[in-house]
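Peer 1: target01.cif is reproduced below (mmCIF, C-alpha atoms).
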```
data_data
loop_
_atom_site.label_atom_id
_atom_site.label_comp_id
_atom_site.auth_asym_id
_atom_site.auth_seq_id
_atom_site.Cartn_x
_atom_site.Cartn_y
_atom_site.Cartn_z
CA MET A 1 -70.08 38.82 -61.15
CA CYS A 2 -70.40 35.19 -60.17
CA ALA A 3 -66.91 33.84 -59.52
CA THR A 4 -68.06 30.31 -60.32
CA CYS A 5 -69.31 30.62 -63.87
CA GLY A 6 -69.00 34.31 -64.83
CA CYS A 7 -72.67 34.66 -65.72
CA GLY A 8 -72.91 38.32 -64.64
CA GLN A 9 -75.07 37.79 -61.53
CA PRO A 10 -73.79 38.89 -58.11
CA ASP A 11 -72.45 36.06 -56.00
CA ASP A 12 -75.09 36.61 -53.30
CA ARG A 13 -78.14 36.33 -55.58
CA PRO A 14 -79.79 33.32 -57.17
CA HIS A 15 -78.84 33.05 -60.79
CA PRO A 16 -79.74 30.83 -63.71
CA HIS A 17 -76.85 28.45 -63.07
CA ASP A 18 -77.97 27.34 -59.59
CA HIS A 19 -78.38 23.72 -60.68
CA PRO A 20 -76.19 20.63 -60.86
CA HIS A 21 -73.80 20.72 -63.79
CA ALA A 22 -74.11 17.93 -66.32
CA HIS A 23 -70.38 17.30 -66.52
CA SER A 24 -67.98 16.80 -63.64
CA PRO A 25 -64.61 18.60 -63.65
CA ALA A 26 -62.94 15.22 -64.15
CA THR A 27 -64.99 14.57 -67.29
CA GLU A 28 -64.22 18.03 -68.64
CA THR A 29 -60.50 17.51 -67.98
CA ILE A 30 -60.48 14.19 -69.83
CA SER A 31 -62.33 15.77 -72.76
CA LEU A 32 -59.79 18.61 -72.93
CA GLU A 33 -56.89 16.15 -72.80
CA GLU A 34 -58.42 14.13 -75.62
CA LYS A 35 -58.75 17.27 -77.77
CA VAL A 36 -55.16 18.30 -77.06
CA LEU A 37 -53.82 14.86 -77.93
CA ALA A 38 -56.00 14.61 -81.04
CA ARG A 39 -54.66 17.94 -82.32
CA ASN A 40 -51.12 16.84 -81.49
CA ASP A 41 -51.60 13.55 -83.36
CA ALA A 42 -52.86 15.38 -86.44
CA ILE A 43 -49.74 17.57 -86.53
CA ALA A 44 -47.53 14.54 -85.84
CA ALA A 45 -49.05 12.75 -88.84
CA GLU A 46 -48.22 15.78 -90.99
CA VAL A 47 -44.62 15.80 -89.70
CA ARG A 48 -44.25 12.03 -90.21
CA SER A 49 -45.46 12.27 -93.79
CA ARG A 50 -43.11 15.14 -94.57
CA LEU A 51 -40.09 13.37 -93.08
CA ALA A 52 -40.89 10.09 -94.84
CA HIS A 53 -41.22 11.90 -98.17
CA ARG A 54 -37.63 13.15 -97.78
CA GLY A 55 -36.23 9.92 -96.35
CA ILE A 56 -35.52 11.54 -92.99
CA VAL A 57 -35.51 9.19 -89.99
CA ALA A 58 -36.41 10.82 -86.67
CA VAL A 59 -35.49 9.07 -83.41
CA ASN A 60 -37.05 10.38 -80.22
CA LEU A 61 -34.71 10.00 -77.22
CA MET A 62 -36.52 10.05 -73.87
CA SER A 63 -35.28 9.59 -70.32
CA SER A 64 -35.14 11.07 -66.85
CA PRO A 65 -32.68 13.95 -66.35
CA GLY A 66 -29.04 12.90 -66.10
CA SER A 67 -29.30 9.56 -67.90
CA GLY A 68 -26.63 10.58 -70.42
CA LYS A 69 -28.68 11.45 -73.52
CA THR A 70 -26.44 14.32 -74.61
CA THR A 71 -23.24 12.36 -73.97
CA LEU A 72 -24.65 9.49 -76.03
CA LEU A 73 -25.51 11.88 -78.86
CA GLU A 74 -22.05 13.43 -78.84
CA ARG A 75 -20.39 10.00 -79.14
CA THR A 76 -22.90 8.80 -81.75
CA ILE A 77 -22.35 11.85 -83.96
CA ARG A 78 -18.56 11.48 -83.74
CA ASP A 79 -18.58 7.74 -84.37
CA LEU A 80 -20.99 7.84 -87.30
CA ASP A 81 -18.65 10.44 -88.80
CA GLY A 82 -20.34 11.23 -92.07
CA ASP A 83 -21.96 7.84 -92.73
CA ARG A 84 -25.12 9.85 -93.36
CA PRO A 85 -26.27 13.41 -92.56
CA VAL A 86 -27.12 13.84 -88.86
CA ALA A 87 -29.11 16.64 -87.21
CA VAL A 88 -30.41 17.17 -83.69
CA ILE A 89 -33.41 18.86 -82.09
CA GLU A 90 -32.63 19.66 -78.45
CA GLY A 91 -35.52 19.98 -75.99
CA ASP A 92 -35.01 21.61 -72.59
CA GLN A 93 -37.04 23.80 -70.29
CA GLU A 94 -34.30 26.46 -70.24
CA THR A 95 -30.76 27.24 -71.49
CA PRO A 96 -29.03 26.36 -74.77
CA LEU A 97 -26.32 24.35 -72.98
CA ASP A 98 -27.01 20.96 -74.58
CA ALA A 99 -27.38 22.49 -78.04
CA GLU A 100 -23.99 24.16 -77.60
CA ARG A 101 -22.44 20.78 -76.76
CA ILE A 102 -23.95 19.26 -79.89
CA ARG A 103 -22.92 22.23 -82.04
CA ARG A 104 -19.29 21.68 -81.03
CA THR A 105 -19.41 18.29 -82.77
CA GLY A 106 -20.12 20.12 -86.03
CA CYS A 107 -23.67 18.77 -86.20
CA ALA A 108 -26.65 20.91 -87.22
CA VAL A 109 -28.83 21.53 -84.17
CA VAL A 110 -31.89 23.53 -83.11
CA GLN A 111 -32.72 24.26 -79.48
CA VAL A 112 -36.35 24.21 -78.31
CA ASN A 113 -36.96 25.66 -74.85
CA THR A 114 -40.32 24.66 -73.41
CA GLY A 115 -40.34 27.03 -70.41
CA ALA A 116 -42.62 25.42 -67.83
CA GLY A 117 -43.49 22.63 -70.26
CA CYS A 118 -42.27 19.13 -69.41
CA HIS A 119 -42.13 17.68 -72.93
CA LEU A 120 -41.89 18.44 -76.61
CA ASP A 121 -45.05 18.23 -78.70
CA ALA A 122 -45.73 17.85 -82.39
CA ALA A 123 -46.16 21.60 -82.98
CA MET A 124 -42.72 22.24 -81.48
CA MET A 125 -41.33 19.43 -83.60
CA ARG A 126 -42.83 20.89 -86.76
CA ALA A 127 -41.41 24.35 -86.01
CA ALA A 128 -37.98 22.87 -85.25
CA VAL A 129 -37.97 20.83 -88.47
CA ASN A 130 -38.95 23.93 -90.43
CA LYS A 131 -36.06 25.86 -88.90
CA LEU A 132 -33.52 23.05 -89.23
CA ASP A 133 -34.61 22.04 -92.74
CA PRO A 134 -32.66 18.75 -92.70
CA SER A 135 -31.44 17.42 -96.02
CA PRO A 136 -32.96 14.25 -97.51
CA GLY A 137 -31.70 11.07 -95.88
CA THR A 138 -30.84 12.75 -92.58
CA LEU A 139 -30.80 10.83 -89.30
CA LEU A 140 -32.65 13.27 -87.03
CA PHE A 141 -32.24 12.82 -83.28
CA VAL A 142 -34.74 14.48 -80.95
CA GLU A 143 -33.48 14.86 -77.40
CA ASN A 144 -36.70 15.25 -75.45
CA VAL A 145 -37.07 17.05 -72.12
CA GLY A 146 -35.82 14.91 -69.23
CA ASN A 147 -39.02 13.37 -67.86
CA LEU A 148 -40.30 9.79 -67.64
CA ILE A 149 -44.01 10.67 -67.82
CA CYS A 150 -45.24 13.36 -70.21
CA PRO A 151 -43.03 12.77 -73.30
CA ALA A 152 -44.51 9.29 -73.68
CA LEU A 153 -47.94 10.78 -74.37
CA PHE A 154 -47.00 13.02 -77.29
CA ASP A 155 -46.31 11.65 -80.76
CA LEU A 156 -43.77 13.85 -82.54
CA GLY A 157 -43.95 12.18 -85.94
CA GLU A 158 -40.79 10.18 -85.17
CA ARG A 159 -39.88 6.82 -86.70
CA ALA A 160 -38.79 5.29 -83.38
CA LYS A 161 -38.84 5.96 -79.65
CA VAL A 162 -35.78 5.17 -77.54
CA VAL A 163 -35.87 5.24 -73.74
CA ILE A 164 -32.58 5.62 -71.89
CA ILE A 165 -32.09 4.56 -68.28
CA SER A 166 -28.78 4.69 -66.42
CA VAL A 167 -27.46 2.26 -63.83
CA THR A 168 -27.41 5.12 -61.32
CA GLU A 169 -31.21 4.90 -61.34
CA GLY A 170 -33.30 2.07 -59.95
CA ALA A 171 -33.69 -1.12 -61.95
CA ASP A 172 -37.42 -0.93 -61.16
CA LYS A 173 -37.96 2.22 -63.27
CA PRO A 174 -39.83 0.26 -66.00
CA LEU A 175 -42.39 -0.82 -63.39
CA LYS A 176 -42.67 2.65 -61.87
CA TYR A 177 -43.09 4.38 -65.23
CA PRO A 178 -44.74 1.68 -67.34
CA HIS A 179 -46.25 3.90 -70.01
CA MET A 180 -42.88 5.34 -70.96
CA PHE A 181 -41.31 1.90 -71.34
CA ALA A 182 -44.43 0.51 -73.03
CA VAL A 183 -44.02 2.91 -75.97
CA ALA A 184 -40.30 2.24 -76.42
CA ASP A 185 -38.95 0.54 -79.51
CA LEU A 186 -35.56 0.29 -77.80
CA VAL A 187 -34.36 0.65 -74.21
CA LEU A 188 -30.73 1.65 -73.64
CA VAL A 189 -29.21 0.98 -70.22
CA ASN A 190 -26.40 3.53 -69.99
CA LYS A 191 -23.35 3.98 -67.71
CA VAL A 192 -22.58 0.27 -67.41
CA ASP A 193 -19.00 1.30 -66.60
CA LEU A 194 -20.38 2.21 -63.16
CA LEU A 195 -21.93 -1.21 -62.45
CA PRO A 196 -19.15 -2.22 -60.02
CA TYR A 197 -19.96 0.81 -57.87
CA VAL A 198 -23.77 0.86 -57.79
CA ASP A 199 -26.58 -1.45 -56.73
CA PHE A 200 -28.22 -2.11 -60.09
CA ASP A 201 -29.51 -5.49 -61.25
CA LEU A 202 -29.25 -5.50 -65.06
CA ASP A 203 -31.06 -8.82 -65.43
CA ALA A 204 -33.93 -7.59 -63.26
CA CYS A 205 -34.17 -4.42 -65.34
CA ARG A 206 -34.44 -6.52 -68.50
CA ARG A 207 -37.23 -8.57 -66.93
CA HIS A 208 -39.10 -5.44 -65.87
CA VAL A 209 -38.89 -3.98 -69.38
CA SER A 210 -40.20 -7.24 -70.82
CA ALA A 211 -43.07 -7.23 -68.31
CA VAL A 212 -44.41 -3.93 -69.67
CA ASN A 213 -43.21 -4.24 -73.29
CA ALA A 214 -42.35 -7.68 -74.58
CA GLY A 215 -41.38 -6.26 -77.97
CA ALA A 216 -38.77 -3.78 -76.77
CA ARG A 217 -35.13 -4.62 -77.26
CA VAL A 218 -32.73 -3.80 -74.38
CA LEU A 219 -29.10 -2.84 -74.97
CA ALA A 220 -26.58 -2.09 -72.23
CA LEU A 221 -23.73 0.33 -73.01
CA SER A 222 -21.51 3.12 -71.76
CA ALA A 223 -21.74 6.37 -73.69
CA THR A 224 -18.73 7.73 -71.79
CA ARG A 225 -16.34 4.80 -72.21
CA GLY A 226 -17.80 3.34 -75.41
CA ASP A 227 -18.72 -0.12 -74.10
CA ASP A 228 -20.98 -1.97 -76.57
CA VAL A 229 -22.02 1.15 -78.51
CA ASP A 230 -21.68 -0.80 -81.77
CA ALA A 231 -24.94 -2.63 -80.98
CA TRP A 232 -26.63 0.78 -80.77
CA TYR A 233 -25.16 1.81 -84.13
CA ASP A 234 -26.26 -1.49 -85.68
CA TRP A 235 -29.79 -0.82 -84.46
CA LEU A 236 -29.74 2.68 -85.98
CA THR A 237 -28.74 1.26 -89.37
CA ALA A 238 -31.18 -1.66 -89.35
CA PRO A 239 -33.65 -1.71 -92.27
CA ALA A 240 -36.59 -1.10 -89.93
CA ILE A 241 -35.06 2.23 -88.89
CA ARG A 242 -33.50 3.36 -92.17
#
```
Let me see the file written as structure tokens.
Peer 2:
Amino acid sequence: MCATCGCGQPDDRPHPHDHPHAHSPATETISLEEKVLARNDAIAAEVRSRLAHRGIVAVNLMSSPGSGKTTLLERTIRDLDGDRPVAVIEGDQETPLDAERIRRTGCAVVQVNTGAGCHLDAAMMRAAVNKLDPSPGTLLFVENVGNLICPALFDLGERAKVVIISVTEGADKPLKYPHMFAVADLVLVNKVDLLPYVDFDLDACRRHVSAVNAGARVLALSATRGDDVDAWYDWLTAPAIR
């Protein structure tokens, strides 16, 4: 059988597919990506409609690994302390470790392991929402897989996208990963308690975010020590989010 197209002819004989193909592999790849994203967007629209109908606000947290997403969630859940129902969808390639940390706060949580996948998608979101079944009015946090590329491409049906960067990373991350920062409604600069010990220019980071997304707000805080977390809580309770 022909190894190229599987037409049934031996590899060493002429066969009906010995002619230039009309579509290049690059074109076929783009077409496949468009179909995948279109299907994802359709499911995301379904999820968004369902959540809106029940007054559930989903916030998609995205960052590179180690930025402090889980620590921020733990503090946020404790500090909100019953102001409204809170639930969490945890996305990781493997292990339930982050979900176990969230569960110890008393918060409802569902773990989604993506295996080799580098992001959550709308189908995973829908399945997680079905399993979690959050009550009306819930603030639903989605901790996406640690990755500054792929999660930006996939709508989950969330109300808002939050990108977290820590001062232990480069201040030029918004320029290196522009698509991620371009989709952000809010950028959180975490671990500001470490600023005296690292080479991180907070003002430059703000300028870089503005260069790729003039509409994104930037807040600097420390999830570990609690510096300026109230501005984050104020953002979560703003009318545009609620």
Peer 1: Translate the PyMOL selection byres ((chain A and resi 90-93) around 9) into a concrete residue list for this structure, as a list in words.
Peer 2: Val88, Ile89, Glu94, Thr95, Pro96, Asp98, Ala99, Ile102, Val109, Val110, Gln111, Val112, Asn113, Thr114, Gly115, Ala116, Gly117, Cys118, His119, Leu120, Phe141, Val142, Glu143, Asn144, Val145 and Gly146 of chain A
Peer 1: Give me the residues within 8 Å of Val218 (chain A) as a list in words, counting only C-alpha atoms and dropping any in the same chain fewer than 2 places off.
Peer 2: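 The residues satisfying every condition are Leu186, Val187, Leu188, Val189, Arg206, Val209, Ala216 and Ala220 of chain A.
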Peer 1: For Gly106 (chain A), list every protein, DNA or RNA residue within 12 Å, evaluated using only C-alpha atoms, and leave out those in the same chain fewer than 3 positions away; present the list as a short mmCIF file (atom, residue, chain, number, x, y, z; two decimals) with C-alpha atoms, in the coordinates of the input.
Peer 2:
```cif
data_model
loop_
_atom_site.label_atom_id
_atom_site.label_comp_id
_atom_site.auth_asym_id
_atom_site.auth_seq_id
_atom_site.Cartn_x
_atom_site.Cartn_y
_atom_site.Cartn_z
CA GLU A 74 -22.05 13.43 -78.84
CA ILE A 77 -22.35 11.85 -83.96
CA ARG A 78 -18.56 11.48 -83.74
CA ASP A 81 -18.65 10.44 -88.80
CA GLY A 82 -20.34 11.23 -92.07
CA PRO A 85 -26.27 13.41 -92.56
CA VAL A 86 -27.12 13.84 -88.86
CA ALA A 87 -29.11 16.64 -87.21
CA VAL A 88 -30.41 17.17 -83.69
CA ALA A 99 -27.38 22.49 -78.04
CA GLU A 100 -23.99 24.16 -77.60
CA ARG A 101 -22.44 20.78 -76.76
CA ILE A 102 -23.95 19.26 -79.89
CA ARG A 103 -22.92 22.23 -82.04
CA VAL A 109 -28.83 21.53 -84.17
#
```
Peer 1: One decimal, Å: what's the distance from CA of Asp121 (chain A) over to CA of Pro151 (chain A), could you say?
Peer 2: 7.9 Å
Peer 1: Any chance you could resolve the PyMOL selection byres ((chain A and resi 40) around 9) against this file and give the residues as a list in words?
Peer 2: Lys35, Val36, Leu37, Ala38, Arg39, Asp41, Ala42, Ile43, Ala44, Ala45, Asp121, Ala122, Ala123, Phe154, Asp155 and Leu156 of chain A
Peer 1: So the first atom is CA of Lys131 (chain A) and the second is CA of Gly55 (chain A); what is the distance between them in Å, to one decimal place?
Peer 2: 17.6 Å
Peer 1: Enclose the full set of atoms of region 226-242 of chain A listed in the file within a box whose edges lie along x, y and z, apply 3 Å of padding to each of the six sides, and report centre and edge lengths in Å to one decimal as AutoDock Vina command-line options.
Peer 2:
```
--center_x -27.2 --center_y 0.4 --center_z -83.2 --size_x 24.8 --size_y 12.0 --size_z 24.2
```
Peer 1: Using all atoms listed in the file, pick whichever of A:Arg104, A:Arg242, A:Arg84, A:Lys69 has the shortest atom-to-atom distance to Val57 (chain A).
Peer 2: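 Using all atoms listed in the file, Val57 (chain A) sits closest to A:Arg242.
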Peer 1: Wanna dump the region 198-222 of chain A-region 159-172 of chain A contacts at 9 Å for me, each residue with its shortest atom pair and the distance in Å to one decimal, counting only C-alpha atoms, ordered by chain and number, as a tab-separated table?
Peer 2:
```
residue	atom	partner	partner_atom	distance
A:Val198	CA	A:Thr168	CA	6.6
A:Asp199	CA	A:Thr168	CA	8.1
A:Phe200	CA	A:Val167	CA	5.8
A:Asp201	CA	A:Ala171	CA	6.1
A:Leu202	CA	A:Ala171	CA	7.0
A:Asp203	CA	A:Ala171	CA	8.8
A:Ala204	CA	A:Ala171	CA	6.6
A:Cys205	CA	A:Ala171	CA	4.8
A:Arg206	CA	A:Ala171	CA	8.5
A:His208	CA	A:Asp172	CA	6.7
A:Val209	CA	A:Asp172	CA	8.9
```
Peer 1: For CA of Ala52 (chain A) and CA of Asp83 (chain A), quote the distance in Å rounded to one decimal.
Peer 2: 19.2 Å
Peer 1: Restricting the calculation to only C-alpha atoms: of A:Ala223, A:Val129, A:Val229, A:Ala214, which residue gets closest to Lys191 (chain A)?
Peer 2: A:Ala223
Peer 1: From the options A:His53, A:Arg207, A:Arg75, A:Lys173, which residue's atoms come nearest to Leu221 (chain A), counting only C-alpha atoms?
Peer 2: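 Smallest distance to Leu221 (chain A) is found for A:Arg75.
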Peer 1: Kindly indicate which residue among A:Val183, A:Ala211, A:Ala231, A:Ile149 lies nearest to Pro65 (chain A), using only C-alpha atoms for the distances.
Peer 2: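 Closest residue, counting only C-alpha atoms: A:Ile149.
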Peer 1: With distances taken over only C-alpha atoms, which residue among A:Thr76, A:Asn147, A:Asn130, A:Thr224 lies nearest Ser63 (chain A)?
Peer 2: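 Closest to Ser63 (chain A) of all the choices is A:Asn147.
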Peer 1: Could you pull out every residue with an atom within 7 Å of (-44.0, 12.7, -87.5), file coordinates, counting only C-alpha atoms, and send them as a PyMOL selection string?
Peer 2: chain A and resi 44-49+51+156-158
Peer 1: Generate the output file for the selected residues, C-alpha atoms, as an mmCIF file, in the coordinates of the input.
Peer 2:
```cif
data_model
loop_
_atom_site.group_PDB
_atom_site.id
_atom_site.type_symbol
_atom_site.label_atom_id
_atom_site.label_comp_id
_atom_site.auth_asym_id
_atom_site.auth_seq_id
_atom_site.Cartn_x
_atom_site.Cartn_y
_atom_site.Cartn_z
ATOM 1 C CA ALA A 44 -47.530 14.540 -85.840
ATOM 2 C CA ALA A 45 -49.050 12.750 -88.840
ATOM 3 C CA GLU A 46 -48.220 15.780 -90.990
ATOM 4 C CA VAL A 47 -44.620 15.800 -89.700
ATOM 5 C CA ARG A 48 -44.250 12.030 -90.210
ATOM 6 C CA SER A 49 -45.460 12.270 -93.790
ATOM 7 C CA LEU A 51 -40.090 13.370 -93.080
ATOM 8 C CA LEU A 156 -43.770 13.850 -82.540
ATOM 9 C CA GLY A 157 -43.950 12.180 -85.940
ATOM 10 C CA GLU A 158 -40.790 10.180 -85.170
#
```
